Amino acid sequence: MTSLRASLPELAELEALLPELPGARTRTLALARHAGQALPIHAIALGPADVTSPALLFVAGVHGLERVGTQVLLSYLRSLRAALGWDELLDQLLRRMRLLFVPLVNPAGMALGLRSNPRGVDLMRNSPVRADERSRWYELHRGQRLSPYLPWYQGTPESGMEVESRALAELVQTELFASRCAIVVDVHSGFLAGDRIWFPYARSRAPLAHTPELFALAELLAHTHEGHVYTFEPQAINYTTHGDLWDYLYDFARERGAGGLLLPLTLELSSYPWYRKNPRQLVHRLGLFHPMKPHRLARVQRRHKTLFDFLARAVFSHERWLPQSAAQRHELERRARERWFGGVGQGAR
Ligand SMILES: [Zn+2]
């Protein structure tokens with residue numbers, strides 16, 4: 001039996017970084033097991049221990065095939081490591097807010113070259129949430145309960161959530177539910193034209209309760225970084241899915257009435273430009289989700305740092321741009337419905 005770690009340089013890189021981040025609190029959320037081996041799911045926290053303080057959580061490696069997300073976060077952590085040594089602005093930021101990281105949620109899946117975890121479960125289809133619309137037979141990608149040998153398998157309701165999804169859910173619950181303002185960036189990659197920032201719901205085309213806040217954030221990004229590359233939109237505009245973990249955690253936070261603000265975003269990196277320029281990449285299964293030429297990977301890593309820094313500043317300064325009055329929220333909601341949900345009064349389309 002070959003060692004899973006041998007196929008996972010990302011884990012070694014991450015573990016080398018952990019002791020080198022000044023002031024970081026690190027812990028192992030859980031162990032992902034396969035064939036008698038156990039791989040840790042690491043979490044990193046920078047900033048105050050107070051869980052009501054604002055927070056930005058970075059997540060990657062939910063889908064094991066999408067290695068680029070983990071590598072983008074490792075690159076961001078390396079630049080933070082350097083900045084922590086000299087950047088006084090970063091010190092100020094970390095006095096009032098937290099930067100949290102779970103850079104590799106599904107280490108065993110990544111080591112095995114799977115989208116799913118080793119039990120064949122797609123961790124982004126594994127929560128108890130059901131989509132509003134029923135799936136047709138050919139819509140396996142929306143989540144299926146037929147077989148773990150087919151992609152997008154949800155697992156069974158009886159076995160509950162997988163160890164990896166549970167580890168992430170528990171971290172979000174303990175660290176973010178009480179936060180005054182928490183934003184999540186969960187990095188994925190796949191066959192899309194252009195980089196996307198998606199927000200819930202995945203299960204429904206109906207707007208979520210914090211649509212005004214998300215619209216305000218989208219406008220803030222557009223005005224601060226004119227001509228930025230991202231399409232900012234609800235995931236359900238593209239397709240709806242069963243079992244989305246962020247839908248589940250968003251709704252759960254509201255049911256629990258923890259009093260915080262939780263805005264989960266998914267950053268979907270488009271792999272299209274990577275194989276348009278390198279068609280041979282299509283032959284490799286990994287190539288659909290990952291840029292294989294080193295210079296291209298470096299470009300992807302650089303490309304998103306601006307967004308990450310912007311989000312950290314947005315969380316830090318949330319009182320300056322989040323809507324404060326009912327009238328402001330109403331106006332943002334109206335504009336959001338026009339842009340994303342098919343106009344005023346139509347609501348879900
Ligand atoms: Zn993914």
# chains A, B, ... in the order shown; residues from 1 in each chain; ligands from 1
>>> residues_around(residues="Glu219 of chain A", least_positions_apart="6", cutoff="10 Å", atoms="only C-alpha atoms", output="PyMOL selection string")
chain A and resi 213+225+232+321+332
>>> residues_near_ligand(ligand="ligand 1", cutoff="9 Å", atoms="only C-alpha atoms and all ligand atoms", output="PyMOL selection string")
chain A and resi 60-66+69+115+124+186-190+268+289
>>> atom_distance(atom1="atom CA of His318 of chain A", atom2="atom CA of Leu220 of chain A")
10.8 Å
>>> residues_around(residues="Pro22 of chain A", least_positions_apart="2", cutoff="9 Å", atoms="only C-alpha atoms", output="list of chain:residue names")
A:Pro19, A:Glu20, A:Ala24, A:Leu46, A:Arg81, A:Leu84, A:Gly85
>>> residues_around(residues="segment 294-308 of chain A", least_positions_apart="2", cutoff="9 Å", atoms="only C-alpha atoms", output="compact mmCIF listing (two decimals) with N, CA and C atoms, in the first residue's frame")
# COMPACT_ATOMS: atom_id res chain seq x y z
N PHE A 58 -11.17 31.28 4.71
CA PHE A 58 -10.79 30.74 3.40
C PHE A 58 -10.85 29.22 3.45
N VAL A 68 -5.93 23.21 -7.45
CA VAL A 68 -5.50 24.59 -7.64
C VAL A 68 -6.00 25.49 -6.50
N GLY A 69 -7.19 25.21 -5.98
CA GLY A 69 -7.74 26.01 -4.88
C GLY A 69 -6.84 25.96 -3.66
N GLN A 71 -3.71 25.21 -3.67
CA GLN A 71 -2.42 25.85 -3.97
C GLN A 71 -2.53 27.38 -3.95
N VAL A 72 -3.67 27.89 -4.36
CA VAL A 72 -3.90 29.35 -4.29
C VAL A 72 -3.86 29.80 -2.83
N LEU A 73 -4.48 29.02 -1.94
CA LEU A 73 -4.48 29.40 -0.51
C LEU A 73 -3.09 29.24 0.11
N SER A 75 -0.31 29.69 -1.42
CA SER A 75 0.43 30.85 -1.90
C SER A 75 0.05 32.10 -1.10
N TYR A 76 -1.25 32.25 -0.80
CA TYR A 76 -1.71 33.40 -0.01
C TYR A 76 -1.14 33.33 1.42
N VAL A 185 -14.86 32.36 1.82
CA VAL A 185 -14.50 32.16 0.41
C VAL A 185 -14.08 30.71 0.26
N LEU A 221 -17.17 45.84 -4.48
CA LEU A 221 -16.09 45.24 -5.28
C LEU A 221 -16.01 45.91 -6.65
N HIS A 225 -12.65 47.92 -7.42
CA HIS A 225 -11.77 47.32 -8.44
C HIS A 225 -12.49 47.32 -9.78
N LEU A 269 -13.07 29.03 -9.98
CA LEU A 269 -12.04 29.42 -10.94
C LEU A 269 -12.31 28.71 -12.26
N TRP A 274 -7.04 27.61 -19.20
CA TRP A 274 -5.87 26.74 -19.03
C TRP A 274 -5.77 25.70 -20.14
N HIS A 290 -7.40 21.97 -13.23
CA HIS A 290 -6.13 22.43 -12.69
C HIS A 290 -5.20 22.87 -13.82
N PRO A 291 -4.60 24.07 -13.70
CA PRO A 291 -3.64 24.49 -14.73
C PRO A 291 -2.35 23.71 -14.57
N MET A 292 -1.87 23.04 -15.63
CA MET A 292 -0.74 22.14 -15.44
C MET A 292 0.62 22.77 -15.71
N PHE A 310 -9.05 42.50 -0.76
CA PHE A 310 -10.28 43.31 -0.76
C PHE A 310 -11.27 42.77 0.27
N LEU A 311 -11.47 41.46 0.28
CA LEU A 311 -12.46 40.88 1.22
C LEU A 311 -12.04 41.09 2.66
N ALA A 312 -10.74 41.01 2.95
CA ALA A 312 -10.27 41.24 4.31
C ALA A 312 -10.59 42.69 4.73
N ARG A 313 -10.35 43.63 3.82
CA ARG A 313 -10.66 45.04 4.12
C ARG A 313 -12.15 45.25 4.27
>>> closest_residue(among="A:Arg33, A:Arg98, A:Arg329, A:His210", to="Ala182 of chain A", atoms="only C-alpha atoms")
A:Arg98
>>> residues_around(residues="Asp50 of chain A", least_positions_apart="6", cutoff="12 Å", atoms="only C-alpha atoms", output="list in words")
Leu94, Arg95, Arg96, Met97, Arg98, Thr174, Glu175, Leu176, Ala178, Ser179 and Arg180 of chain A
>>> write_last_selection(atoms="all heavy atoms", output="short mmCIF file (atom, residue, chain, number, x, y, z; two decimals), in the first residue's frame")
data_model
loop_
_atom_site.label_atom_id
_atom_site.label_comp_id
_atom_site.auth_asym_id
_atom_site.auth_seq_id
_atom_site.Cartn_x
_atom_site.Cartn_y
_atom_site.Cartn_z
N LEU A 94 -5.40 42.60 12.20
CA LEU A 94 -5.54 41.38 13.01
C LEU A 94 -5.78 41.68 14.50
O LEU A 94 -6.01 40.77 15.28
CB LEU A 94 -4.30 40.49 12.84
CG LEU A 94 -4.20 39.83 11.46
CD1 LEU A 94 -2.88 39.10 11.30
CD2 LEU A 94 -5.37 38.88 11.20
N ARG A 95 -5.73 42.94 14.89
CA ARG A 95 -6.13 43.30 16.25
C ARG A 95 -7.64 43.27 16.38
O ARG A 95 -8.18 43.06 17.45
CB ARG A 95 -5.61 44.69 16.61
CG ARG A 95 -4.53 44.62 17.67
CD ARG A 95 -3.81 45.92 17.84
NE ARG A 95 -2.44 45.76 17.41
CZ ARG A 95 -1.62 46.76 17.14
NH1 ARG A 95 -2.03 48.00 17.22
NH2 ARG A 95 -0.39 46.51 16.79
N ARG A 96 -8.35 43.52 15.26
CA ARG A 96 -9.81 43.61 15.32
C ARG A 96 -10.55 42.50 14.60
O ARG A 96 -11.73 42.30 14.83
CB ARG A 96 -10.25 44.96 14.72
CG ARG A 96 -10.23 46.02 15.77
CD ARG A 96 -11.02 47.28 15.47
NE ARG A 96 -11.73 47.40 14.22
CZ ARG A 96 -11.70 48.52 13.48
NH1 ARG A 96 -10.97 49.55 13.85
NH2 ARG A 96 -12.39 48.59 12.36
N MET A 97 -9.90 41.80 13.68
CA MET A 97 -10.62 40.75 12.95
C MET A 97 -9.77 39.50 12.80
O MET A 97 -8.56 39.53 13.02
CB MET A 97 -11.06 41.24 11.58
CG MET A 97 -9.93 41.42 10.60
SD MET A 97 -10.52 41.66 8.89
CE MET A 97 -10.83 39.97 8.37
N ARG A 98 -10.44 38.41 12.43
CA ARG A 98 -9.74 37.13 12.27
C ARG A 98 -9.62 36.74 10.79
O ARG A 98 -10.52 37.00 10.01
CB ARG A 98 -10.50 36.02 12.99
CG ARG A 98 -10.47 36.15 14.52
CD ARG A 98 -11.50 35.24 15.15
NE ARG A 98 -12.85 35.72 14.88
CZ ARG A 98 -13.94 34.95 14.86
NH1 ARG A 98 -13.84 33.64 15.07
NH2 ARG A 98 -15.12 35.48 14.63
N THR A 174 -18.71 27.10 15.36
CA THR A 174 -18.06 27.63 16.57
C THR A 174 -17.36 28.97 16.30
O THR A 174 -17.36 29.84 17.16
CB THR A 174 -17.03 26.66 17.16
OG1 THR A 174 -16.14 26.26 16.11
CG2 THR A 174 -17.67 25.42 17.74
N GLU A 175 -16.82 29.15 15.12
CA GLU A 175 -16.02 30.36 14.88
C GLU A 175 -16.79 31.49 14.21
O GLU A 175 -16.42 32.65 14.34
CB GLU A 175 -14.80 30.02 13.99
CG GLU A 175 -13.80 29.07 14.63
CD GLU A 175 -12.96 29.74 15.71
OE1 GLU A 175 -12.86 30.98 15.73
OE2 GLU A 175 -12.40 29.00 16.54
N LEU A 176 -17.84 31.16 13.45
CA LEU A 176 -18.48 32.21 12.64
C LEU A 176 -19.91 32.57 13.03
O LEU A 176 -20.36 33.68 12.74
CB LEU A 176 -18.46 31.84 11.15
CG LEU A 176 -17.11 31.60 10.48
CD1 LEU A 176 -17.27 31.45 8.98
CD2 LEU A 176 -16.10 32.71 10.78
N ALA A 178 -21.39 33.46 15.67
CA ALA A 178 -21.59 34.61 16.55
C ALA A 178 -20.86 35.86 16.06
O ALA A 178 -20.92 36.91 16.70
CB ALA A 178 -21.13 34.25 17.97
N SER A 179 -20.20 35.75 14.93
CA SER A 179 -19.39 36.87 14.44
C SER A 179 -20.27 38.03 13.94
O SER A 179 -21.29 37.81 13.29
CB SER A 179 -18.49 36.38 13.31
OG SER A 179 -17.90 37.48 12.65
N ARG A 180 -19.85 39.26 14.21
CA ARG A 180 -20.60 40.44 13.76
C ARG A 180 -20.68 40.50 12.25
O ARG A 180 -21.66 40.95 11.67
CB ARG A 180 -19.93 41.72 14.28
CG ARG A 180 -20.10 41.95 15.77
CD ARG A 180 -19.66 43.35 16.14
NE ARG A 180 -18.22 43.56 16.01
CZ ARG A 180 -17.31 43.15 16.88
NH1 ARG A 180 -17.69 42.48 17.96
NH2 ARG A 180 -16.03 43.39 16.71
#
>>> closest_residue(among="A:Leu214, A:Ala169, A:Leu89, A:Ala336", to="Leu249 of chain A", atoms="only C-alpha atoms")
A:Ala169
>>> closest_residue(among="A:Ala6, A:Cys181, A:Ala209, A:Ala218", to="His330 of chain A", atoms="only C-alpha atoms")
A:Ala209
>>> atom_distance(atom1="atom CA of Asn238 of chain A", atom2="atom CA of Ser147 of chain A")
24.6 Å
>>> closest_residue(among="A:Leu261, A:Val51, A:Leu80, A:Ala111", to="Thr211 of chain A", atoms="only C-alpha atoms")
A:Leu261
>>> select_by_dssp(residues="segment 18-205 of chain A", states="helix (DSSP H, G or I)", output="ChimeraX atom specification")
/A:18-20,67-83,88-96,107-112,140-142,163-176
>>> closest_residue(among="A:Leu104, A:Ala216, A:Leu208, A:Leu262", to="Glu15 of chain A", atoms="only C-alpha atoms")
A:Leu104
>>> select_by_dssp(residues="segment 166-270 of chain A", states="strand (DSSP E)", output="ChimeraX atom specification")
/A:182-190,196-199,231-234,262-270
>>> closest_residue(among="A:Ala35, A:Asp309, A:Ser7, A:Arg142", to="Leu77 of chain A", atoms="only C-alpha atoms")
A:Asp309
>>> residues_around(residues="Ser165 of chain A", least_positions_apart="2", cutoff="12 Å", atoms="only C-alpha atoms", output="VMD selection string")
chain A and resid 29 to 32 41 59 61 to 63 102 104 to 106 116 to 117 121 to 128 154 to 155 160 to 163 167 to 172 243 to 246 248 to 249
>>> write_last_selection(atoms="N, CA and C atoms", output="short mmCIF file (atom, residue, chain, number, x, y, z; two decimals), in the first residue's frame")
data_model
loop_
_atom_site.label_atom_id
_atom_site.label_comp_id
_atom_site.auth_asym_id
_atom_site.auth_seq_id
_atom_site.Cartn_x
_atom_site.Cartn_y
_atom_site.Cartn_z
N LEU A 29 -8.89 19.61 12.83
CA LEU A 29 -10.34 19.52 13.01
C LEU A 29 -10.80 18.08 13.08
N ALA A 30 -10.17 17.22 12.29
CA ALA A 30 -10.56 15.81 12.23
C ALA A 30 -9.51 15.06 11.42
N LEU A 31 -9.64 13.73 11.42
CA LEU A 31 -8.76 12.91 10.59
C LEU A 31 -9.59 12.26 9.49
N ALA A 32 -9.11 12.39 8.28
CA ALA A 32 -9.77 11.72 7.14
C ALA A 32 -9.06 10.39 6.93
N ILE A 41 -7.09 17.16 8.89
CA ILE A 41 -7.70 18.35 8.29
C ILE A 41 -7.33 19.53 9.19
N VAL A 59 -11.49 28.62 2.46
CA VAL A 59 -11.64 27.16 2.40
C VAL A 59 -11.22 26.70 1.01
N GLY A 61 -10.05 22.75 -1.35
CA GLY A 61 -9.82 21.31 -1.34
C GLY A 61 -11.01 20.50 -0.88
N VAL A 62 -12.22 21.05 -1.03
CA VAL A 62 -13.44 20.28 -0.75
C VAL A 62 -13.56 19.17 -1.79
N HIS A 63 -13.29 19.53 -3.04
CA HIS A 63 -13.24 18.55 -4.12
C HIS A 63 -11.78 18.21 -4.39
N VAL A 102 -9.05 26.87 6.18
CA VAL A 102 -9.05 25.40 6.10
C VAL A 102 -8.66 25.10 4.64
N LEU A 104 -7.36 22.57 3.09
CA LEU A 104 -7.43 21.23 2.49
C LEU A 104 -8.47 20.41 3.26
N VAL A 105 -9.72 20.54 2.83
CA VAL A 105 -10.84 19.90 3.54
C VAL A 105 -10.87 18.40 3.30
N ASN A 106 -10.46 17.99 2.10
CA ASN A 106 -10.63 16.59 1.69
C ASN A 106 -9.27 15.99 1.30
N SER A 116 -14.61 13.30 -4.99
CA SER A 116 -15.31 12.94 -3.75
C SER A 116 -14.30 12.64 -2.63
N ASN A 117 -14.81 12.29 -1.47
CA ASN A 117 -13.93 11.74 -0.43
C ASN A 117 -13.70 10.25 -0.73
N VAL A 121 -18.27 10.03 -1.57
CA VAL A 121 -19.28 11.05 -1.29
C VAL A 121 -18.78 12.43 -1.73
N ASP A 122 -19.60 13.13 -2.52
CA ASP A 122 -19.30 14.50 -2.92
C ASP A 122 -19.66 15.42 -1.75
N LEU A 123 -18.66 16.06 -1.18
CA LEU A 123 -18.87 16.83 0.06
C LEU A 123 -19.72 18.07 -0.16
N MET A 124 -19.88 18.51 -1.40
CA MET A 124 -20.76 19.65 -1.68
C MET A 124 -22.17 19.20 -2.06
N ARG A 125 -22.47 17.91 -1.88
CA ARG A 125 -23.83 17.40 -2.09
C ARG A 125 -24.29 16.63 -0.85
N ASN A 126 -23.56 16.77 0.23
CA ASN A 126 -23.67 15.85 1.36
C ASN A 126 -24.46 16.39 2.56
N SER A 127 -24.93 17.65 2.50
CA SER A 127 -25.70 18.16 3.64
C SER A 127 -27.16 17.73 3.49
N PRO A 128 -27.96 17.85 4.57
CA PRO A 128 -29.35 17.38 4.49
C PRO A 128 -30.28 18.24 3.61
N GLN A 154 -24.45 11.73 -2.97
CA GLN A 154 -24.76 12.51 -1.77
C GLN A 154 -24.50 11.77 -0.47
N GLY A 155 -24.29 10.45 -0.54
CA GLY A 155 -24.30 9.65 0.68
C GLY A 155 -25.74 9.31 1.03
N GLY A 160 -25.64 10.24 7.64
CA GLY A 160 -25.42 11.63 8.01
C GLY A 160 -24.28 12.25 7.23
N MET A 161 -23.73 13.34 7.78
CA MET A 161 -22.67 14.04 7.07
C MET A 161 -21.33 13.34 7.27
N GLU A 162 -20.49 13.41 6.25
CA GLU A 162 -19.16 12.79 6.27
C GLU A 162 -18.24 13.53 7.24
N VAL A 163 -17.16 12.86 7.63
CA VAL A 163 -16.25 13.44 8.61
C VAL A 163 -15.69 14.79 8.13
N ALA A 167 -16.47 18.32 9.93
CA ALA A 167 -15.35 19.09 10.49
C ALA A 167 -15.47 20.56 10.09
N LEU A 168 -15.78 20.79 8.82
CA LEU A 168 -15.91 22.17 8.33
C LEU A 168 -17.14 22.83 8.96
N ALA A 169 -18.25 22.08 9.04
CA ALA A 169 -19.48 22.63 9.61
C ALA A 169 -19.27 23.02 11.07
N GLU A 170 -18.56 22.20 11.82
CA GLU A 170 -18.33 22.51 13.24
C GLU A 170 -17.47 23.75 13.40
N LEU A 171 -16.46 23.88 12.53
CA LEU A 171 -15.62 25.07 12.60
C LEU A 171 -16.44 26.34 12.32
N VAL A 172 -17.27 26.28 11.29
CA VAL A 172 -18.09 27.44 10.93
C VAL A 172 -19.04 27.78 12.08
N GLY A 243 -28.07 19.22 -1.24
CA GLY A 243 -27.00 18.92 -0.28
C GLY A 243 -25.87 19.93 -0.19
N ASP A 244 -26.06 21.16 -0.68
CA ASP A 244 -24.99 22.15 -0.62
C ASP A 244 -24.67 22.51 0.84
N LEU A 245 -23.39 22.45 1.17
CA LEU A 245 -22.98 22.68 2.56
C LEU A 245 -23.19 24.13 2.99
N TRP A 246 -23.00 25.07 2.07
CA TRP A 246 -23.14 26.49 2.45
C TRP A 246 -24.59 26.89 2.60
N TYR A 248 -26.80 24.87 3.74
CA TYR A 248 -27.12 24.26 5.03
C TYR A 248 -26.63 25.15 6.17
N LEU A 249 -25.38 25.59 6.09
CA LEU A 249 -24.80 26.38 7.19
C LEU A 249 -25.43 27.76 7.28
#
>>> atom_distance(atom1="atom CA of Gly47 of chain A", atom2="atom CA of Ala16 of chain A")
20.3 Å
